[in-house]
>>> print(open('run.cif').read())   # mmCIF, C-alpha atoms
data_run
loop_
_atom_site.group_PDB
_atom_site.id
_atom_site.type_symbol
_atom_site.label_atom_id
_atom_site.label_comp_id
_atom_site.auth_asym_id
_atom_site.auth_seq_id
_atom_site.Cartn_x
_atom_site.Cartn_y
_atom_site.Cartn_z
ATOM 1 C CA MET T 1 29.329 80.890 117.219
ATOM 2 C CA SER T 2 32.411 83.170 116.943
ATOM 3 C CA SER T 3 33.469 81.462 113.701
ATOM 4 C CA ALA T 4 29.973 81.781 112.214
ATOM 5 C CA LYS T 5 29.853 85.424 113.247
ATOM 6 C CA GLN T 6 33.209 86.138 111.618
ATOM 7 C CA SER T 7 32.079 84.315 108.462
ATOM 8 C CA GLY T 8 28.922 86.412 108.325
ATOM 9 C CA GLN T 9 30.910 89.609 108.844
ATOM 10 C CA GLY T 10 33.302 88.545 106.089
ATOM 11 C CA TYR T 11 30.433 87.943 103.666
ATOM 12 C CA PHE T 12 28.890 91.313 104.571
ATOM 13 C CA CYS T 13 32.229 93.071 103.962
ATOM 14 C CA ARG T 14 32.633 91.383 100.599
ATOM 15 C CA MET T 15 29.149 92.513 99.601
ATOM 16 C CA ILE T 16 29.982 96.117 100.571
ATOM 17 C CA ASN T 17 33.279 95.985 98.667
ATOM 18 C CA SER T 18 31.535 94.570 95.595
ATOM 19 C CA THR T 19 28.928 97.342 95.711
ATOM 20 C CA ASN T 20 31.622 99.993 96.133
ATOM 21 C CA ILE T 21 33.555 98.602 93.148
ATOM 22 C CA GLN T 22 30.463 98.700 90.934
ATOM 23 C CA GLN T 23 29.649 102.229 92.057
ATOM 24 C CA GLY T 24 33.274 103.216 91.561
ATOM 25 C CA GLU T 25 33.249 101.808 88.038
ATOM 26 C CA ALA T 26 30.269 103.980 87.125
ATOM 27 C CA SER T 27 31.599 107.122 88.848
ATOM 28 C CA LYS T 28 35.165 106.887 87.516
ATOM 29 C CA ALA T 29 34.186 105.964 83.971
ATOM 30 C CA GLY T 30 32.346 109.221 83.366
ATOM 31 C CA ARG T 31 30.868 110.269 80.049
ATOM 32 C CA ILE T 32 32.248 108.908 76.802
ATOM 33 C CA THR T 33 34.217 111.491 74.855
ATOM 34 C CA LEU T 34 35.333 111.295 71.226
ATOM 35 C CA PRO T 35 39.031 110.634 72.152
ATOM 36 C CA ASP T 36 37.900 107.870 74.547
ATOM 37 C CA PHE T 37 35.709 106.320 71.871
ATOM 38 C CA ILE T 38 38.456 106.375 69.217
ATOM 39 C CA GLY T 39 41.113 105.179 71.661
ATOM 40 C CA ASP T 40 39.011 102.140 72.617
ATOM 41 C CA LEU T 41 38.519 100.995 69.014
ATOM 42 C CA PRO T 42 41.751 98.980 68.530
ATOM 43 C CA HIS T 43 41.173 97.006 71.727
ATOM 44 C CA ALA T 44 37.466 96.628 70.946
ATOM 45 C CA ILE T 45 38.025 95.234 67.469
ATOM 46 C CA PHE T 46 40.992 92.955 68.097
ATOM 47 C CA HIS T 47 40.075 91.578 71.547
ATOM 48 C CA VAL T 48 36.860 89.668 70.969
ATOM 49 C CA ASP T 49 36.466 87.693 74.162
ATOM 50 C CA ARG T 50 33.065 87.909 75.904
ATOM 51 C CA GLY T 51 29.641 89.452 76.222
ATOM 52 C CA ILE T 52 28.105 88.818 72.774
ATOM 53 C CA LEU T 53 25.192 86.713 73.984
ATOM 54 C CA PHE T 54 24.642 89.104 76.909
ATOM 55 C CA ASN T 55 24.506 92.019 74.461
ATOM 56 C CA PHE T 56 22.039 90.268 72.174
ATOM 57 C CA ILE T 57 19.645 89.315 74.976
ATOM 58 C CA GLN T 58 19.756 92.685 76.714
ATOM 59 C CA LEU T 59 19.430 94.695 73.506
ATOM 60 C CA PHE T 60 16.488 92.522 72.532
ATOM 61 C CA ARG T 61 14.666 92.693 75.874
ATOM 62 C CA ARG T 62 15.518 96.217 77.049
ATOM 63 C CA PRO T 63 17.543 98.092 74.432
ATOM 64 C CA GLY T 64 17.069 101.620 75.726
ATOM 65 C CA ALA T 65 17.837 100.749 79.346
ATOM 66 C CA SER T 66 20.881 98.685 78.330
ATOM 67 C CA ILE T 67 22.336 101.504 76.257
ATOM 68 C CA GLU T 68 21.646 103.969 79.085
ATOM 69 C CA GLU T 69 23.566 101.690 81.474
ATOM 70 C CA TYR T 70 26.503 101.517 79.079
ATOM 71 C CA LEU T 71 26.583 105.290 78.662
ATOM 72 C CA ALA T 72 26.338 105.741 82.437
ATOM 73 C CA GLY T 73 29.517 103.715 82.995
ATOM 74 C CA ARG T 74 28.418 100.101 83.508
ATOM 75 C CA ARG T 75 30.481 98.885 80.549
ATOM 76 C CA LYS T 76 32.442 95.839 81.699
ATOM 77 C CA VAL T 77 29.477 93.502 81.399
ATOM 78 C CA PHE T 78 28.806 94.578 77.803
ATOM 79 C CA PHE T 79 30.607 93.602 74.645
ATOM 80 C CA HIS T 80 32.052 96.775 73.122
ATOM 81 C CA PRO T 81 29.628 98.163 70.496
ATOM 82 C CA ALA T 82 32.313 98.444 67.799
ATOM 83 C CA SER T 83 33.293 94.797 68.287
ATOM 84 C CA TYR T 84 29.635 93.863 68.416
ATOM 85 C CA LEU T 85 29.041 95.435 64.999
ATOM 86 C CA VAL T 86 32.138 93.768 63.519
ATOM 87 C CA VAL T 87 30.970 90.361 64.777
ATOM 88 C CA ALA T 88 27.410 91.001 63.549
ATOM 89 C CA LEU T 89 28.617 91.905 60.052
ATOM 90 C CA LEU T 90 30.887 88.852 59.975
ATOM 91 C CA VAL T 91 28.016 86.570 61.036
ATOM 92 C CA ASN T 92 25.787 88.122 58.375
ATOM 93 C CA TYR T 93 28.483 87.626 55.716
ATOM 94 C CA LEU T 94 28.974 83.962 56.648
ATOM 95 C CA VAL T 95 25.228 83.253 56.712
ATOM 96 C CA VAL T 96 24.671 84.818 53.280
ATOM 97 C CA LYS T 97 27.631 82.885 51.883
ATOM 98 C CA LEU T 98 26.493 79.650 53.517
ATOM 99 C CA ILE T 99 23.013 79.718 51.994
ATOM 100 C CA ASN T 100 24.244 81.388 48.775
ATOM 101 C CA LEU T 101 21.488 83.969 49.062
ATOM 102 C CA HIS T 102 20.336 85.340 45.702
ATOM 103 C CA PHE T 103 17.219 87.432 45.189
ATOM 104 C CA TYR T 104 15.945 85.579 42.139
ATOM 105 C CA ASP T 105 15.646 82.045 40.853
ATOM 106 C CA ALA T 106 16.333 80.851 37.333
ATOM 107 C CA ALA T 107 12.760 79.639 36.749
ATOM 108 C CA GLU T 108 11.109 82.992 37.413
ATOM 109 C CA LEU T 109 13.481 84.829 35.067
ATOM 110 C CA THR T 110 12.167 82.768 32.146
ATOM 111 C CA THR T 111 8.672 84.158 32.734
ATOM 112 C CA MET T 112 9.814 87.803 32.657
ATOM 113 C CA THR T 113 10.621 90.236 29.935
ATOM 114 C CA PRO T 114 14.364 90.563 29.237
ATOM 115 C CA LEU T 115 14.352 94.075 30.759
ATOM 116 C CA ALA T 116 12.657 92.958 33.990
ATOM 117 C CA ALA T 117 14.916 89.917 34.297
ATOM 118 C CA GLN T 118 18.012 92.077 33.861
ATOM 119 C CA ALA T 119 16.751 94.546 36.478
ATOM 120 C CA ILE T 120 16.440 91.747 39.026
ATOM 121 C CA ARG T 121 19.894 90.398 38.157
ATOM 122 C CA ASP T 122 21.315 93.897 38.601
ATOM 123 C CA TYR T 123 19.585 94.242 41.967
ATOM 124 C CA ASP T 124 21.011 90.912 43.090
ATOM 125 C CA ALA T 125 24.500 91.860 41.922
ATOM 126 C CA MET T 126 24.231 95.141 43.816
ATOM 127 C CA GLN T 127 23.259 93.383 47.062
ATOM 128 C CA TRP T 128 26.274 91.102 46.754
ATOM 129 C CA TRP T 129 28.488 94.123 46.072
ATOM 130 C CA PHE T 130 27.197 95.717 49.279
ATOM 131 C CA LEU T 131 27.972 92.509 51.166
ATOM 132 C CA GLU T 132 31.528 92.354 49.828
ATOM 133 C CA HIS T 133 32.174 96.068 50.486
ATOM 134 C CA THR T 134 30.425 96.518 53.821
ATOM 135 C CA TYR T 135 33.727 97.432 55.472
ATOM 136 C CA LEU T 136 33.917 100.459 53.155
ATOM 137 C CA TYR T 137 30.468 101.994 53.305
ATOM 138 C CA ILE T 138 30.147 101.664 57.085
ATOM 139 C CA LEU T 139 33.037 104.137 57.303
ATOM 140 C CA VAL T 140 30.630 106.630 55.764
ATOM 141 C CA ALA T 141 27.390 105.326 57.270
ATOM 142 C CA ILE T 142 28.453 105.351 60.935
ATOM 143 C CA PRO T 143 29.547 109.011 61.175
ATOM 144 C CA ALA T 144 26.634 110.093 58.967
ATOM 145 C CA SER T 145 24.172 108.177 61.166
ATOM 146 C CA ALA T 146 25.728 109.556 64.339
ATOM 147 C CA GLY T 147 25.439 113.094 62.981
ATOM 148 C CA PHE T 148 21.808 112.538 62.023
ATOM 149 C CA LEU T 149 20.797 111.098 65.410
ATOM 150 C CA PHE T 150 22.845 113.731 67.244
ATOM 151 C CA THR T 151 20.672 116.383 65.579
ATOM 152 C CA ILE T 152 17.450 114.525 66.439
ATOM 153 C CA PHE T 153 18.468 114.113 70.086
ATOM 154 C CA ARG T 154 19.420 117.792 70.322
ATOM 155 C CA LEU T 155 15.995 118.779 69.006
ATOM 156 C CA ALA T 156 14.488 116.423 71.595
ATOM 157 C CA LYS T 157 16.559 118.228 74.270
ATOM 158 C CA ARG T 158 18.519 115.054 75.029
ATOM 159 C CA LYS T 159 22.074 116.206 75.686
ATOM 160 C CA LEU T 160 24.236 113.453 74.234
ATOM 161 C CA ASN T 161 27.620 114.122 72.666
ATOM 162 C CA ILE T 162 28.652 112.767 69.281
ATOM 163 C CA ALA T 163 30.575 109.800 70.743
ATOM 164 C CA GLU T 164 27.612 108.730 72.877
ATOM 165 C CA THR T 165 25.373 108.993 69.832
ATOM 166 C CA ALA T 166 27.819 106.836 67.844
ATOM 167 C CA ILE T 167 27.548 104.201 70.591
ATOM 168 C CA ILE T 168 23.763 104.165 70.138
ATOM 169 C CA VAL T 169 24.168 103.768 66.370
ATOM 170 C CA LEU T 170 26.642 100.881 66.730
ATOM 171 C CA PHE T 171 24.493 98.949 69.201
ATOM 172 C CA THR T 172 21.312 99.523 67.171
ATOM 173 C CA ILE T 173 22.747 98.593 63.779
ATOM 174 C CA ALA T 174 24.618 95.564 65.146
ATOM 175 C CA GLN T 175 21.448 94.210 66.749
ATOM 176 C CA GLY T 176 19.514 94.816 63.530
ATOM 177 C CA VAL T 177 22.150 92.974 61.481
ATOM 178 C CA LEU T 178 22.046 89.968 63.825
ATOM 179 C CA ILE T 179 18.242 89.844 63.637
ATOM 180 C CA GLN T 180 18.540 89.979 59.848
ATOM 181 C CA SER T 181 21.041 87.117 59.930
ATOM 182 C CA LEU T 182 18.624 84.989 61.970
ATOM 183 C CA ILE T 183 15.867 85.655 59.435
ATOM 184 C CA TYR T 184 18.192 84.718 56.575
ATOM 185 C CA LEU T 185 19.228 81.551 58.368
ATOM 186 C CA SER T 186 15.607 80.616 59.055
ATOM 187 C CA PHE T 187 14.001 81.431 55.701
ATOM 188 C CA GLY T 188 16.830 82.014 53.237
ATOM 189 C CA TRP T 189 16.794 78.349 52.291
ATOM 190 C CA ILE T 190 13.517 78.863 50.421
ATOM 191 C CA HIS T 191 14.549 79.096 46.764
ATOM 192 C CA ASP T 192 11.926 81.507 45.539
ATOM 193 C CA GLY T 193 12.979 84.880 44.178
ATOM 194 C CA SER T 194 9.810 86.800 45.025
ATOM 195 C CA PHE T 195 9.788 85.347 48.557
ATOM 196 C CA ARG T 196 13.402 86.368 49.146
ATOM 197 C CA ARG T 197 12.780 89.902 47.874
ATOM 198 C CA GLY T 198 9.789 90.097 50.184
ATOM 199 C CA MET T 199 11.969 88.843 53.027
ATOM 200 C CA GLU T 200 14.335 91.746 52.354
ATOM 201 C CA THR T 201 11.433 94.179 52.732
ATOM 202 C CA VAL T 202 10.521 92.543 56.041
ATOM 203 C CA ASN T 203 14.136 92.860 57.206
ATOM 204 C CA MET T 204 14.174 96.584 56.450
ATOM 205 C CA SER T 205 10.835 97.073 58.235
ATOM 206 C CA ILE T 206 12.137 95.270 61.321
ATOM 207 C CA LEU T 207 15.289 97.402 61.364
ATOM 208 C CA ILE T 208 13.243 100.610 61.160
ATOM 209 C CA LEU T 209 10.845 99.487 63.889
ATOM 210 C CA TYR T 210 13.676 98.331 66.151
ATOM 211 C CA ALA T 211 15.626 101.571 65.695
ATOM 212 C CA SER T 212 12.414 103.538 66.330
ATOM 213 C CA PHE T 213 11.823 101.563 69.544
ATOM 214 C CA VAL T 214 15.361 102.280 70.740
ATOM 215 C CA ALA T 215 14.975 105.985 69.946
ATOM 216 C CA TYR T 216 11.626 106.088 71.761
ATOM 217 C CA GLN T 217 13.185 104.719 74.938
ATOM 218 C CA LEU T 218 16.040 107.222 74.706
ATOM 219 C CA MET T 219 13.765 110.276 74.359
ATOM 220 C CA PRO T 220 12.066 110.633 77.752
ATOM 221 C CA THR T 221 12.613 114.383 77.452
ATOM 222 C CA ILE T 222 9.687 114.588 74.987
ATOM 223 C CA LYS T 223 6.566 114.767 77.138
ATOM 224 C CA SER T 224 3.989 114.487 74.377
ATOM 225 C CA LYS T 225 3.508 110.818 73.531
ATOM 226 C CA VAL T 226 2.416 111.572 69.960
ATOM 227 C CA ILE T 227 5.455 113.763 69.257
ATOM 228 C CA ARG T 228 7.712 111.218 70.908
ATOM 229 C CA ILE T 229 6.371 108.406 68.690
ATOM 230 C CA LEU T 230 6.698 110.519 65.540
ATOM 231 C CA SER T 231 10.229 111.609 66.476
ATOM 232 C CA SER T 232 11.205 108.021 67.194
ATOM 233 C CA PHE T 233 9.871 106.789 63.860
ATOM 234 C CA LEU T 234 11.682 109.633 62.101
ATOM 235 C CA SER T 235 14.868 108.496 63.842
ATOM 236 C CA GLY T 236 14.401 104.854 62.820
ATOM 237 C CA ALA T 237 13.457 105.608 59.217
ATOM 238 C CA GLY T 238 16.180 108.245 58.922
ATOM 239 C CA LEU T 239 18.791 105.821 60.200
ATOM 240 C CA ALA T 240 17.779 103.270 57.556
ATOM 241 C CA ILE T 241 17.833 105.921 54.827
ATOM 242 C CA VAL T 242 21.304 107.113 55.822
ATOM 243 C CA TRP T 243 22.678 103.561 55.565
ATOM 244 C CA ILE T 244 20.980 102.961 52.208
ATOM 245 C CA VAL T 245 22.225 106.256 50.775
ATOM 246 C CA SER T 246 25.744 105.555 52.078
ATOM 247 C CA ALA T 247 25.802 102.129 50.420
ATOM 248 C CA TYR T 248 24.291 103.227 47.099
ATOM 249 C CA GLY T 249 26.377 106.396 47.029
ATOM 250 C CA LEU T 250 29.597 104.426 47.406
ATOM 251 C CA TYR T 251 28.390 101.943 44.787
ATOM 252 C CA VAL T 252 27.824 104.746 42.266
ATOM 253 C CA VAL T 253 31.190 106.358 43.007
ATOM 254 C CA MET T 254 33.142 103.110 42.659
ATOM 255 C CA GLN T 255 31.486 101.880 39.463
#
>>> encode(input="run.cif", output="structure tokens")
Amino acid sequence: MSSAKQSGQGYFCRMINSTNIQQGEASKAGRITLPDFIGDLPHAIFHVDRGILFNFIQLFRRPGASIEEYLAGRRKVFFHPASYLVVALLVNYLVVKLINLHFYDAAELTTMTPLAAQAIRDYDAMQWWFLEHTYLYILVAIPASAGFLFTIFRLAKRKLNIAETAIIVLFTIAQGVLIQSLIYLSFGWIHDGSFRRGMETVNMSILILYASFVAYQLMPTIKSKVIRILSSFLSGAGLAIVWIVSAYGLYVVMQ
């Protein structure tokens, strides 16, 4: 009986210690500041070790709550958002290369006018340029997106700093890129130009809706449901526009 009692006490003590450690992690971590965010980047990018699947599942099932937990200090269970985006972009690159994704097929070009056929070829070439130069335009898109969402959250009376907003952008875009990669992997094998261009429209719609859903969950400060929905959609659409403008702007500058 004494041994069983001691064992039970030991288990109870371990449970208390575990709870205290988790609470301590959240209390000591504090809010993310810009120096913290920048200082974590080298480790985040070059130490890819765990948490990717956990991130994907949680950000799919409960994106707003998961991001709130990360911002509140429960970060060890999550894969760092910067690393998550790097991995997502790499996966997307490999999938596109694997299926040799082009947004036209040779047969359909023969049925078009020379001008229309050239326009589609140019569009395809531009998409491949974006793929090959993603590492450049995200350097513009991430801070621009963070600035845009920071303004939206301020108007919604949600007091997030610029680093916390950047975290939201990284998680949201990374999840959107991985969803896009799954769609490519599932349907990109269909060699039909019009279908693939339609698939790209679907991808963009999903990204906007997902980003809007994340924004909606992160704006509990807006009491009116209608205003909250409109603000969330503005956030999602604006985020997509910022990334498109960043990519096309860099393309124009570098041509």
>>> resolve_selection(input="run.cif", expression="the PyMOL selection byres ((chain T and resi 243) around 9)", output="JSON list (two decimals) with C-alpha atoms, keeping the file's coordinate frame")
[["chain", "number", "residue", "atom", "x", "y", "z"],
["T", 137, "TYR", "CA", 30.47, 101.99, 53.30],
["T", 138, "ILE", "CA", 30.15, 101.66, 57.08],
["T", 140, "VAL", "CA", 30.63, 106.63, 55.76],
["T", 141, "ALA", "CA", 27.39, 105.33, 57.27],
["T", 142, "ILE", "CA", 28.45, 105.35, 60.94],
["T", 144, "ALA", "CA", 26.63, 110.09, 58.97],
["T", 145, "SER", "CA", 24.17, 108.18, 61.17],
["T", 238, "GLY", "CA", 16.18, 108.24, 58.92],
["T", 239, "LEU", "CA", 18.79, 105.82, 60.20],
["T", 240, "ALA", "CA", 17.78, 103.27, 57.56],
["T", 241, "ILE", "CA", 17.83, 105.92, 54.83],
["T", 242, "VAL", "CA", 21.30, 107.11, 55.82],
["T", 244, "ILE", "CA", 20.98, 102.96, 52.21],
["T", 245, "VAL", "CA", 22.22, 106.26, 50.78],
["T", 246, "SER", "CA", 25.74, 105.56, 52.08],
["T", 247, "ALA", "CA", 25.80, 102.13, 50.42],
["T", 248, "TYR", "CA", 24.29, 103.23, 47.10]]
>>> closest_atom_pairs(input="run.cif", of="region 68-154 of chain T", to="region 176-185 of chain T", cutoff="12 Å", atoms="all atoms listed in the file", output="tab-separated table")
residue	atom	partner	partner_atom	distance
T:Tyr84	CA	T:Leu178	CA	9.7
T:Leu85	CA	T:Val177	CA	8.1
T:Val86	CA	T:Val177	CA	10.2
T:Val87	CA	T:Leu178	CA	9.0
T:Ala88	CA	T:Leu178	CA	5.5
T:Leu89	CA	T:Val177	CA	6.7
T:Leu90	CA	T:Leu178	CA	9.7
T:Val91	CA	T:Ser181	CA	7.1
T:Asn92	CA	T:Ser181	CA	5.1
T:Tyr93	CA	T:Ser181	CA	8.6
T:Leu94	CA	T:Ser181	CA	9.1
T:Val95	CA	T:Leu185	CA	6.5
T:Val96	CA	T:Tyr184	CA	7.3
T:Lys97	CA	T:Leu185	CA	10.7
T:Leu98	CA	T:Leu185	CA	8.9
T:Ile99	CA	T:Leu185	CA	7.6
T:Asn100	CA	T:Tyr184	CA	10.4
T:Leu101	CA	T:Tyr184	CA	8.2
T:His102	CA	T:Tyr184	CA	11.1
T:Phe103	CA	T:Tyr184	CA	11.7
T:Leu131	CA	T:Val177	CA	11.9
T:Thr134	CA	T:Val177	CA	11.8
>>> closest_residue(input="run.cif", among="T:Ile190, T:Val169, T:Leu136, T:Ile32", to="Gly73 (chain T)", atoms="all atoms listed in the file")
T:Ile32
>>> atom_distance(input="run.cif", atom1="CA of Glu68 (chain T)", atom2="CA of Leu230 (chain T)")
21.2 Å
>>> closest_residue(input="run.cif", among="T:Ala211, T:Ala72, T:Val252, T:Ala119", to="Leu160 (chain T)", atoms="all atoms listed in the file")
T:Ala72
>>> atom_distance(input="run.cif", atom1="CA of Phe150 (chain T)", atom2="CA of Leu207 (chain T)")
18.9 Å
>>> atom_distance(input="run.cif", atom1="CA of Gln118 (chain T)", atom2="CA of Val202 (chain T)")
23.4 Å
>>> closest_residue(input="run.cif", among="T:Asn161, T:Thr110, T:Thr221, T:Asn203", to="Leu71 (chain T)", atoms="all atoms listed in the file")
T:Asn161
>>> closest_residue(input="run.cif", among="T:Glu132, T:Gly147, T:Gln217, T:Pro114", to="Arg62 (chain T)", atoms="all atoms listed in the file")
T:Gln217
>>> closest_residue(input="run.cif", among="T:Thr33, T:Val226, T:Leu250, T:Phe79", to="Leu139 (chain T)", atoms="only C-alpha atoms")
T:Leu250
>>> build_atoms(input="run.cif", residues="region 86-108 of chain T", atoms="N, CA and C atoms", output="CSV table (one decimal), in the coordinates of the input")
chain,number,residue,atom,x,y,z
T,86,VAL,N,31.2,94.6,64.4
T,86,VAL,CA,32.1,93.8,63.5
T,86,VAL,C,31.7,92.3,63.5
T,87,VAL,N,31.4,91.8,64.7
T,87,VAL,CA,31.0,90.4,64.8
T,87,VAL,C,29.6,90.2,64.0
T,88,ALA,N,28.7,91.1,64.2
T,88,ALA,CA,27.4,91.0,63.5
T,88,ALA,C,27.6,91.0,62.0
T,89,LEU,N,28.4,91.9,61.5
T,89,LEU,CA,28.6,91.9,60.1
T,89,LEU,C,29.3,90.6,59.5
T,90,LEU,N,30.2,90.1,60.4
T,90,LEU,CA,30.9,88.9,60.0
T,90,LEU,C,29.9,87.7,60.0
T,91,VAL,N,29.0,87.6,61.0
T,91,VAL,CA,28.0,86.6,61.0
T,91,VAL,C,27.1,86.7,59.8
T,92,ASN,N,26.7,87.9,59.5
T,92,ASN,CA,25.8,88.1,58.4
T,92,ASN,C,26.5,87.7,57.1
T,93,TYR,N,27.7,88.0,56.9
T,93,TYR,CA,28.5,87.6,55.7
T,93,TYR,C,28.5,86.1,55.6
T,94,LEU,N,28.8,85.4,56.7
T,94,LEU,CA,29.0,84.0,56.6
T,94,LEU,C,27.6,83.3,56.4
T,95,VAL,N,26.6,83.8,56.9
T,95,VAL,CA,25.2,83.3,56.7
T,95,VAL,C,24.8,83.4,55.3
T,96,VAL,N,25.0,84.6,54.7
T,96,VAL,CA,24.7,84.8,53.3
T,96,VAL,C,25.5,83.9,52.4
T,97,LYS,N,26.8,83.8,52.7
T,97,LYS,CA,27.6,82.9,51.9
T,97,LYS,C,27.2,81.4,52.0
T,98,LEU,N,26.9,81.0,53.2
T,98,LEU,CA,26.5,79.6,53.5
T,98,LEU,C,25.3,79.2,52.7
T,99,ILE,N,24.2,80.1,52.7
T,99,ILE,CA,23.0,79.7,52.0
T,99,ILE,C,23.0,80.2,50.5
T,100,ASN,N,24.1,80.9,50.1
T,100,ASN,CA,24.2,81.4,48.8
T,100,ASN,C,23.0,82.2,48.4
T,101,LEU,N,22.7,83.2,49.2
T,101,LEU,CA,21.5,84.0,49.1
T,101,LEU,C,21.5,84.8,47.8
T,102,HIS,N,20.6,84.5,46.9
T,102,HIS,CA,20.3,85.3,45.7
T,102,HIS,C,18.9,85.7,45.7
T,103,PHE,N,18.6,86.9,45.1
T,103,PHE,CA,17.2,87.4,45.2
T,103,PHE,C,16.4,87.1,43.9
T,104,TYR,N,16.7,86.1,43.3
T,104,TYR,CA,15.9,85.6,42.1
T,104,TYR,C,16.2,84.1,42.0
T,105,ASP,N,15.4,83.4,41.2
T,105,ASP,CA,15.6,82.0,40.9
T,105,ASP,C,15.5,81.9,39.3
T,106,ALA,N,16.2,81.0,38.8
T,106,ALA,CA,16.3,80.9,37.3
T,106,ALA,C,15.0,80.7,36.7
T,107,ALA,N,14.1,79.9,37.3
T,107,ALA,CA,12.8,79.6,36.7
T,107,ALA,C,11.9,80.9,36.5
T,108,GLU,N,11.9,81.8,37.5
T,108,GLU,CA,11.1,83.0,37.4
T,108,GLU,C,11.6,83.9,36.3
